[in-house]
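Colleague: Following this line is run-v6.cif, made up of mmCIF, C-alpha atoms:
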data_model
loop_
_atom_site.label_atom_id
_atom_site.label_comp_id
_atom_site.auth_asym_id
_atom_site.auth_seq_id
_atom_site.Cartn_x
_atom_site.Cartn_y
_atom_site.Cartn_z
CA MET R 1 -7.50 -6.53 -13.51
CA ASP R 2 -8.04 -5.02 -10.04
CA PRO R 3 -10.15 -7.12 -7.69
CA TYR R 4 -12.42 -4.18 -6.75
CA GLU R 5 -14.33 -1.76 -8.97
CA LEU R 6 -14.75 1.71 -7.52
CA TRP R 7 -17.82 3.89 -7.83
CA ASP R 8 -18.87 7.38 -6.69
CA TYR R 9 -22.31 8.47 -5.58
CA VAL R 10 -23.90 11.21 -7.69
CA ASP R 11 -26.52 13.59 -6.35
CA ALA R 12 -29.91 14.29 -7.86
CA HIS R 13 -28.29 16.76 -10.29
CA GLY R 14 -25.78 14.17 -11.50
CA ARG R 15 -22.83 15.71 -9.66
CA ASN R 16 -20.11 13.46 -8.27
CA VAL R 17 -20.30 14.17 -4.52
CA ILE R 18 -16.65 13.22 -3.91
CA ILE R 19 -15.29 15.56 -6.57
CA GLU R 20 -17.61 18.30 -5.32
CA TRP R 21 -16.45 17.74 -1.75
CA ALA R 22 -12.78 17.90 -2.78
CA LYS R 23 -13.46 21.19 -4.59
CA LYS R 24 -15.38 22.65 -1.69
CA GLU R 25 -12.68 21.71 0.84
CA LYS R 26 -9.94 23.07 -1.48
CA LEU R 27 -7.78 20.05 -0.84
CA THR R 28 -4.08 20.75 -1.03
CA THR R 29 -1.89 18.99 -3.58
CA ARG R 30 -0.52 16.77 -0.83
CA SER R 31 -3.98 15.79 0.37
CA ARG R 32 -5.16 15.11 -3.16
CA ALA R 33 -2.12 12.93 -3.85
CA ALA R 34 -2.66 10.93 -0.65
CA LEU R 35 -6.35 10.54 -1.41
CA ASN R 36 -5.77 9.30 -4.95
CA GLN R 37 -3.03 6.96 -3.77
CA ARG R 38 -5.13 5.39 -1.06
CA ILE R 39 -8.17 5.00 -3.22
CA ARG R 40 -6.06 3.26 -5.83
CA ARG R 41 -4.72 0.84 -3.22
CA LEU R 42 -8.25 0.09 -2.08
CA SER R 43 -9.08 -1.27 -5.52
CA GLN R 44 -6.13 -3.66 -5.27
CA MET R 45 -6.07 -4.91 -1.68
CA ASP R 46 -8.13 -7.65 -0.05
CA TYR R 47 -10.85 -6.25 2.16
CA ASP R 48 -9.31 -7.83 5.26
CA GLN R 49 -5.89 -6.39 4.39
CA ALA R 50 -7.46 -2.94 4.03
CA VAL R 51 -9.01 -3.30 7.48
CA LYS R 52 -5.90 -4.74 9.14
CA THR R 53 -3.71 -1.93 7.86
CA ARG R 54 -6.24 0.68 8.99
CA GLN R 55 -6.95 1.85 5.45
CA ILE R 56 -10.67 1.58 6.18
CA ALA R 57 -12.81 1.05 9.23
CA ARG R 58 -16.52 0.27 9.54
CA ILE R 59 -18.27 3.06 11.42
CA PHE R 60 -22.02 2.68 11.00
CA LYS R 61 -24.26 -0.07 9.55
CA HIS R 62 -22.85 -0.53 6.04
CA VAL R 63 -20.70 2.60 6.08
CA HIS R 64 -16.90 2.56 6.25
CA LYS R 65 -14.48 5.45 6.35
CA LEU R 66 -11.23 5.66 4.43
CA ILE R 67 -8.60 6.86 6.92
CA ILE R 68 -6.03 9.24 5.51
CA HIS R 69 -3.71 11.41 7.60
CA ALA R 70 -2.84 14.10 5.10
CA ASP R 71 -2.74 17.87 5.65
CA VAL R 72 -6.15 17.28 7.18
CA MET R 73 -7.81 14.10 8.47
CA LEU R 74 -9.57 12.95 5.34
CA ARG R 75 -12.37 10.46 5.97
CA PRO R 76 -14.36 9.91 2.78
CA MET R 77 -17.14 7.44 3.49
CA LEU R 78 -17.87 4.39 1.42
CA CYS R 79 -19.60 1.04 1.47
CA ARG R 80 -18.85 -2.36 0.10
CA GLY R 81 -20.99 -2.94 -2.98
CA PRO R 82 -23.77 -2.08 -2.62
CA VAL R 83 -24.64 -4.09 -5.70
CA SER R 84 -21.82 -6.63 -5.36
CA ASN R 85 -20.19 -6.60 -1.92
CA LEU R 86 -17.27 -8.79 -2.86
CA THR R 87 -16.14 -6.93 -5.97
CA GLU R 88 -16.85 -3.24 -5.53
CA TYR R 89 -16.76 -0.23 -3.25
CA THR R 90 -18.87 2.89 -3.64
CA PHE R 91 -17.84 6.26 -2.23
CA LEU R 92 -20.89 7.84 -0.65
CA LEU R 93 -19.82 11.11 0.95
CA GLY R 94 -16.71 13.15 1.55
CA ALA R 95 -15.78 14.09 5.10
CA ILE R 96 -13.00 15.56 7.19
CA GLU R 97 -12.58 14.63 10.81
CA PHE R 98 -11.91 17.41 13.30
CA GLY R 99 -10.91 16.61 16.85
CA GLY R 100 -11.60 12.94 16.20
CA LYS R 101 -15.19 13.64 15.18
CA LEU R 102 -16.94 13.31 11.86
CA PRO R 103 -19.42 15.99 10.80
CA LYS R 104 -22.75 15.55 12.57
CA GLY R 105 -25.18 13.37 10.68
CA SER R 106 -22.63 12.40 8.03
CA LYS R 107 -22.69 8.65 8.76
CA GLU R 108 -26.47 8.58 8.47
CA LYS R 109 -26.35 10.61 5.26
CA ALA R 110 -23.83 8.18 3.80
CA GLU R 111 -26.08 5.26 4.71
CA ASP R 112 -29.02 7.06 3.03
CA HIS R 113 -26.92 7.49 -0.13
CA ARG R 114 -26.30 3.76 -0.12
CA LYS R 115 -30.04 3.09 0.01
CA ILE R 116 -30.64 5.54 -2.83
CA ILE R 117 -28.15 3.64 -5.01
CA LEU R 118 -29.87 0.34 -4.23
CA ALA R 119 -33.15 1.87 -5.37
CA ASP R 120 -31.65 3.60 -8.42
CA SER R 121 -28.40 2.30 -9.93
CA GLY R 122 -28.11 5.51 -11.97
CA ARG R 123 -27.16 7.35 -8.78
CA ARG R 124 -23.55 6.29 -9.05
CA ARG R 125 -20.84 6.34 -11.69
CA LYS R 126 -17.38 4.89 -12.11
CA HIS R 127 -14.92 6.47 -9.70
CA GLU R 128 -13.08 9.54 -10.92
CA ARG R 129 -9.68 10.45 -9.59
CA ILE R 130 -9.60 13.78 -7.80
CA PRO R 131 -8.37 16.22 -10.41
CA GLU R 132 -6.04 19.14 -9.94
CA SER R 133 -8.87 21.60 -10.34
CA ALA R 134 -10.57 20.15 -7.26
CA MET G 1 0.14 1.75 -21.20
CA ASN G 2 -3.24 1.46 -19.46
CA GLU G 3 -5.55 4.15 -18.15
CA PHE G 4 -4.08 4.26 -14.62
CA GLN G 5 -0.54 4.49 -15.88
CA SER G 6 -1.50 7.30 -18.26
CA GLN G 7 -3.19 9.15 -15.41
CA LEU G 8 -0.17 8.79 -13.16
CA ARG G 9 2.15 10.00 -15.88
CA GLU G 10 0.05 13.12 -16.18
CA GLU G 11 -0.32 13.63 -12.43
CA PHE G 12 3.38 13.17 -11.79
CA CYS G 13 4.21 16.21 -13.88
CA ASP G 14 3.42 18.17 -10.70
CA GLU G 15 6.47 17.90 -8.48
CA GLU G 16 4.70 18.35 -5.15
CA TYR G 17 2.04 15.84 -6.14
CA ARG G 18 4.46 13.12 -7.18
CA TYR G 19 6.53 13.38 -4.00
CA ALA G 20 3.41 13.33 -1.82
CA TYR G 21 2.07 10.34 -3.76
CA ALA G 22 5.38 8.49 -3.50
CA GLU G 23 5.62 9.17 0.23
CA ASP G 24 2.14 7.86 0.89
CA PHE G 25 2.78 4.89 -1.36
CA LEU G 26 5.87 4.05 0.68
CA ASN G 27 3.89 4.16 3.94
CA THR G 28 1.22 1.94 2.43
CA TRP G 29 3.79 -0.46 1.01
CA ILE G 30 5.67 -0.97 4.25
CA ALA G 31 2.61 -1.46 6.43
CA THR G 32 0.93 -3.79 3.98
CA GLN G 33 4.05 -5.81 3.29
CA ILE G 34 4.67 -6.37 7.00
CA VAL G 35 1.12 -7.72 7.38
CA THR G 36 1.47 -9.80 4.22
CA LEU G 37 4.78 -11.37 5.21
CA ARG G 38 3.68 -11.94 8.80
CA GLU G 39 0.60 -13.79 7.57
CA GLN G 40 2.63 -15.66 4.99
CA ARG G 41 4.74 -16.98 7.90
CA LYS G 42 1.54 -17.70 9.88
CA LEU G 43 2.55 -15.44 12.74
CA ASN G 44 0.27 -13.23 14.77
CA GLN G 45 1.28 -9.75 15.90
CA THR G 46 2.28 -10.94 19.36
CA GLU G 47 4.55 -13.64 17.96
CA LEU G 48 6.26 -11.22 15.59
CA ALA G 49 6.62 -8.73 18.43
CA GLN G 50 8.37 -11.35 20.54
CA LEU G 51 10.72 -12.22 17.70
CA ILE G 52 11.93 -8.64 17.41
CA GLY G 53 11.90 -7.88 21.12
CA THR G 54 8.94 -5.57 21.36
CA LYS G 55 5.24 -5.69 22.28
CA GLN G 56 2.16 -6.29 20.14
CA PRO G 57 1.06 -2.60 20.04
CA GLY G 58 4.39 -1.80 18.41
CA ILE G 59 3.65 -4.21 15.56
CA SER G 60 0.12 -2.89 15.29
CA ARG G 61 1.54 0.61 14.81
CA LEU G 62 3.94 -0.52 12.10
CA GLU G 63 1.09 -2.25 10.27
CA ASN G 64 -0.87 1.00 10.03
CA VAL G 65 -0.67 2.68 6.61
CA ASN G 66 -0.82 6.07 8.35
CA HIS G 67 2.36 5.40 10.31
CA SER G 68 5.57 6.80 8.89
CA ASN G 69 8.02 7.08 11.80
CA TRP G 70 9.65 3.70 11.46
CA ARG G 71 13.23 3.22 12.49
CA VAL G 72 15.52 1.48 10.04
CA ASP G 73 16.77 -0.55 12.96
CA THR G 74 13.28 -1.88 13.63
CA LEU G 75 12.66 -2.68 9.96
CA LYS G 76 15.94 -4.60 9.88
CA ARG G 77 14.85 -6.66 12.89
CA ILE G 78 11.50 -7.38 11.27
CA ALA G 79 13.26 -8.45 8.08
CA ARG G 80 15.43 -10.83 10.04
CA ALA G 81 12.47 -12.26 11.93
CA LEU G 82 10.68 -12.87 8.64
CA GLY G 83 13.67 -14.46 6.92
CA VAL G 84 14.16 -11.72 4.32
CA ARG G 85 16.48 -8.75 3.83
CA LEU G 86 15.60 -5.09 4.03
CA CYS G 87 16.41 -3.15 0.90
CA ILE G 88 16.50 0.63 0.96
CA SER G 89 17.20 2.20 -2.37
CA PHE G 90 16.55 5.42 -4.28
CA GLU G 91 14.31 4.79 -7.27
CA THR G 92 12.86 6.58 -10.25
CA PHE G 93 9.24 7.63 -10.49
CA GLY G 94 9.01 5.42 -13.54
CA THR G 95 9.35 2.35 -11.34
CA LEU G 96 6.61 3.69 -9.10
CA VAL G 97 4.23 3.72 -12.05
CA MET G 98 4.99 0.02 -12.49
CA GLN G 99 4.72 -0.83 -8.79
CA ASP G 100 1.47 1.10 -8.57
CA GLU G 101 0.07 -1.16 -11.26
CA LYS G 102 1.19 -4.44 -9.69
CA PHE G 103 0.37 -3.81 -6.03
CA CYS G 104 -1.43 -6.79 -4.50
CA ARG G 105 -0.90 -9.47 -1.85
CA GLU G 106 1.00 -11.78 -4.18
CA TYR G 107 3.30 -8.98 -5.32
CA LEU G 108 4.24 -8.22 -1.72
CA GLN G 109 4.91 -11.81 -0.66
CA ARG G 110 8.49 -13.06 -0.41
CA PRO G 111 9.81 -16.54 0.33
CA LYS G 112 11.89 -16.80 3.48
CA PHE G 113 15.52 -17.79 3.06
CA GLU G 114 14.85 -21.52 3.48
CA ASP G 115 12.37 -21.40 0.60
CA ASP G 116 14.34 -19.02 -1.60
CA PRO G 117 14.66 -20.77 -4.99
CA VAL G 118 18.11 -19.24 -5.52
CA PHE G 119 19.46 -21.42 -2.72
CA LEU G 120 17.23 -24.46 -2.67
CA ALA G 121 18.91 -26.55 -5.38
CA ASP G 122 22.37 -26.06 -3.84
CA ARG G 123 21.37 -27.14 -0.39
CA THR G 124 22.19 -30.85 -0.86
CA ASP G 125 23.90 -31.33 2.52
CA LYS G 126 23.54 -29.03 5.48
CA HIS G 127 27.31 -29.23 6.12
CA HIS G 128 28.13 -27.84 2.66
CA ARG G 129 28.61 -24.09 2.26
CA ILE G 130 25.73 -22.52 0.40
CA GLU G 131 26.99 -20.98 -2.87
CA PRO G 132 25.11 -18.34 -4.80
CA ARG G 133 23.93 -19.65 -8.18
CA MET G 134 24.33 -16.58 -10.30
CA GLU G 135 27.46 -14.87 -11.50
CA THR G 136 28.08 -11.17 -10.94
CA GLU G 137 26.84 -8.69 -13.51
CA SER G 138 26.85 -4.93 -13.80
CA THR G 139 24.37 -3.09 -11.66
CA GLU G 140 22.71 -1.58 -14.73
CA SER G 141 21.32 -5.00 -15.58
CA MET G 142 20.23 -5.69 -12.02
CA PRO G 143 16.46 -6.01 -11.80
CA ASN G 144 14.56 -3.76 -9.46
CA ALA G 145 15.07 -5.29 -6.04
CA ASN G 146 11.48 -4.59 -5.13
CA LEU G 147 10.14 -6.98 -7.76
CA PRO G 148 9.07 -10.35 -6.42
CA CYS G 149 11.19 -13.44 -6.82
CA THR G 150 9.84 -16.07 -9.15
CA THR G 151 11.18 -19.49 -9.78
CA THR G 152 12.00 -18.94 -13.46
CA GLU G 153 15.69 -18.85 -14.31
CA SER G 154 15.56 -15.44 -15.95
CA ASN G 155 13.98 -13.79 -12.93
CA LEU G 156 16.36 -15.10 -10.28
CA LEU G 157 17.88 -12.25 -8.34
CA GLN G 158 21.48 -11.57 -9.14
CA PHE G 159 23.92 -10.41 -6.56
CA ARG G 160 27.58 -9.86 -6.10
CA SER G 161 29.71 -12.30 -4.12
CA ARG G 162 31.37 -10.05 -1.54
CA THR G 163 33.58 -12.46 0.38
CA ASP G 164 36.33 -9.82 0.33
CA ILE G 165 34.16 -7.27 2.16
CA THR G 166 33.95 -7.43 5.95
CA GLU G 167 32.47 -3.98 6.64
CA PRO G 168 29.28 -2.53 5.15
CA GLU G 169 29.86 0.01 2.37
CA PHE G 170 27.77 2.59 4.17
CA GLU G 171 25.94 2.94 7.41
CA LEU G 172 22.46 4.20 7.88
CA PRO G 173 21.68 6.10 11.04
CA SER G 174 19.61 4.11 13.50
CA GLU G 175 16.68 6.44 13.13
CA VAL G 176 15.86 7.71 9.69
CA ALA G 177 12.70 9.48 8.72
CA ILE G 178 12.06 8.05 5.30
#
The structure given in the file should be rewritten as structure tokens.
Modeller:
Amino acid sequence: MDPYELWDYVDAHGRNVIIEWAKKEKLTTRSRAALNQRIRRLSQMDYDQAVKTRQIARIFKHVHKLIIHADVMLRPMLCRGPVSNLTEYTFLLGAIEFGGKLPKGSKEKAEDHRKIILADSGRRRKHERIPESA
Amino acid sequence: MNEFQSQLREEFCDEEYRYAYAEDFLNTWIATQIVTLREQRKLNQTELAQLIGTKQPGISRLENVNHSNWRVDTLKRIARALGVRLCISFETFGTLVMQDEKFCREYLQRPKFEDDPVFLADRTDKHHRIEPRMETESTESMPNANLPCTTTESNLLQFRSRTDITEPEFELPSEVAI
């Protein structure tokens, strides 16, 4: 069994924000493959290994970014927990970095999503791999 | 077959996807295994850098999963510094499905030569020549070289005694984009 469970934030309409982001950005096959590969590794690696190998980096309060150099600079944002920090990650918001910068306000939005989950556990579901249709 | 393996089997039907996945997996594997083995040997980045004749930022770069421009020459030097061998081999996507499943710190660890169970029992006197324990077998029965060593008899790595060979069978260029 993998050491970490993965979860995705869902919006008020029950939509998985990561899947929706992937669809909206029309991720290429290469980007989708890299994203799925890295997310899978995240569920298997120690947290400190993930940080040391620059898989993830903490960027704001409880928010981390997953760092993927694919066809574009993918930076989906996530947090440890938030229910159980030692055994789960939750993806909070999709993002692409341009010129070394994340979209304005995205870190704060991700942090807000984390707080929403803490208030309502129904605002997340088990992680779904990014499908081809995304 | 579990859920992840089933998903990968389906995803790998797309040729571009499976090659992109495999490439990224390779980058992740190398970076993570260097960190894992370095820590297993209780070395910091500066110490490993000194062992291979480079500087700490160079090691830091190699330990980044987003780095892919390693030189085979450098990987060979790292292998030597860590008491292991570098193995470069062409593999099937089927083995990737298995490696994908098993990926973890323990799976990436390797004993250094002095702790390799294949050689330990034979090392009774440091003046005696170290003999390999296992007999040669056909390569079809050779286990995947990327699988970890264990101490059980059945899982001991098998290799060919090549005392008649003085030159390598092939040469890799010094710089290879893998």
Colleague: Where does the PyMOL selection byres ((chain G and resi 60-74) around 10) land in this file, that is, which residues does it pick, as a VMD selection string?
Modeller: (chain R and resid 38 50 to 55 67 to 70) or (chain G and resid 23 to 36 45 to 46 49 52 to 59 75 to 80 86 88 172 to 178)
Colleague: For Leu74 of chain R, find every residue with an atom within 10 Å (counting all atoms listed in the file), except residues of its own chain fewer than 5 positions away, and show them as a list in words.
Modeller: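 After dropping sequence-adjacent residues, the list is Leu27, Ser31, Arg32, Ala34, Leu35, Lys65, Leu66, Ile67, Ile68, His69, Gly94, Ala95, Ile96, Glu97, Phe98 and Leu102 of chain R.
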Colleague: Which residues, named as in the file, does the PyMOL selection byres ((chain R and resi 2) around 6) pick out? Answer as a PDB file with C-alpha atoms, in the frame of the given file.
Modeller:
ATOM      1  CA  MET R   1      -7.500  -6.530 -13.510  1.00  0.00           C
ATOM      2  CA  PRO R   3     -10.150  -7.120  -7.690  1.00  0.00           C
ATOM      3  CA  TYR R   4     -12.420  -4.180  -6.750  1.00  0.00           C
ATOM      4  CA  SER R  43      -9.080  -1.270  -5.520  1.00  0.00           C
ATOM      5  CA  GLN R  44      -6.130  -3.660  -5.270  1.00  0.00           C
TER       6      GLN R  44
END
Colleague: In Å, rounded to a single decimal, give me how far atom CA of Asp11 of chain R is from atom CA of His64 of chain R.
Modeller: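 That distance, rounded to one decimal, is 19.3 Å.
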Colleague: Report the centre and edge lengths, in Å to one decimal, of an axis-aligned box enclosing every atom of segment 87-96 of chain R listed in the file, padded by 6 Å on each side, as AutoDock Vina command-line options.
Modeller:
--center_x -16.9 --center_y 4.3 --center_z 0.6 --size_x 19.9 --size_y 34.5 --size_z 25.2
Colleague: Expand the PyMOL selection byres ((chain G and resi 108) around 8) into the explicit residue set it covers here, and present it as a list in words.
Modeller: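 Taken on the displayed file, the PyMOL selection byres ((chain G and resi 108) around 8) yields the residues Thr32, Gln33, Thr36, Leu37, Phe103, Cys104, Arg105, Glu106, Tyr107, Gln109, Arg110 and Pro148 of chain G.
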Colleague: State, in Å with one decimal place, the distance from atom CA of Phe60 of chain R to atom CA of Arg123 of chain R.
Modeller: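 Between atom CA of Phe60 of chain R and atom CA of Arg123 of chain R the gap is 21.0 Å.
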Colleague: Find the residues around Val63 of chain R up to 12 Å (all atoms listed in the file counted), leave out those fewer than 2 positions away in its own chain, and share them as number ranges by chain.
Modeller: R: 56-61, 65-66, 75-82, 89-93, 106-115
Colleague: Which value, in Å to one decimal, gives the distance between atom CA of Leu6 of chain R and atom CA of Asp100 of chain G?
Modeller: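 Here the two named atoms are 16.3 Å from each other.
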Colleague: Which residue, G:Met98, G:Asn2, G:Phe93, G:Gln50, has the smallest gap to Ala20 of chain G when you use only C-alpha atoms?
Modeller: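 Comparing G:Met98, G:Asn2, G:Phe93, G:Gln50 against Ala20 of chain G, the winner is G:Phe93.
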Colleague: Could you check the closest approach to chain R for each of G:Phe90, G:Phe113, G:Phe119, G:Tyr19 and tell me which residue wins, using all atoms listed in the file?
Modeller: G:Tyr19
Colleague: Find, counting all atoms listed in the file, the residue in G:Leu82, G:Leu8, G:Asp14, G:Glu3 that gets nearest to Pro111 of chain G.
Modeller: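 Checking each of G:Leu82, G:Leu8, G:Asp14, G:Glu3 against Pro111 of chain G, counting all atoms listed in the file, the winner is G:Leu82.
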Colleague: For chain R, which residue among G:Cys87, G:Met1, G:Leu120, G:Ala22 is the nearest when counting all atoms listed in the file?
Modeller: G:Ala22
Colleague: Here is a test: counting all atoms listed in the file, which residue of G:Glu16, G:Glu39, G:Glu47, G:Glu101 is nearest to Arg40 of chain R?
Modeller: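 The answer is G:Glu101, which sits nearest to Arg40 of chain R.
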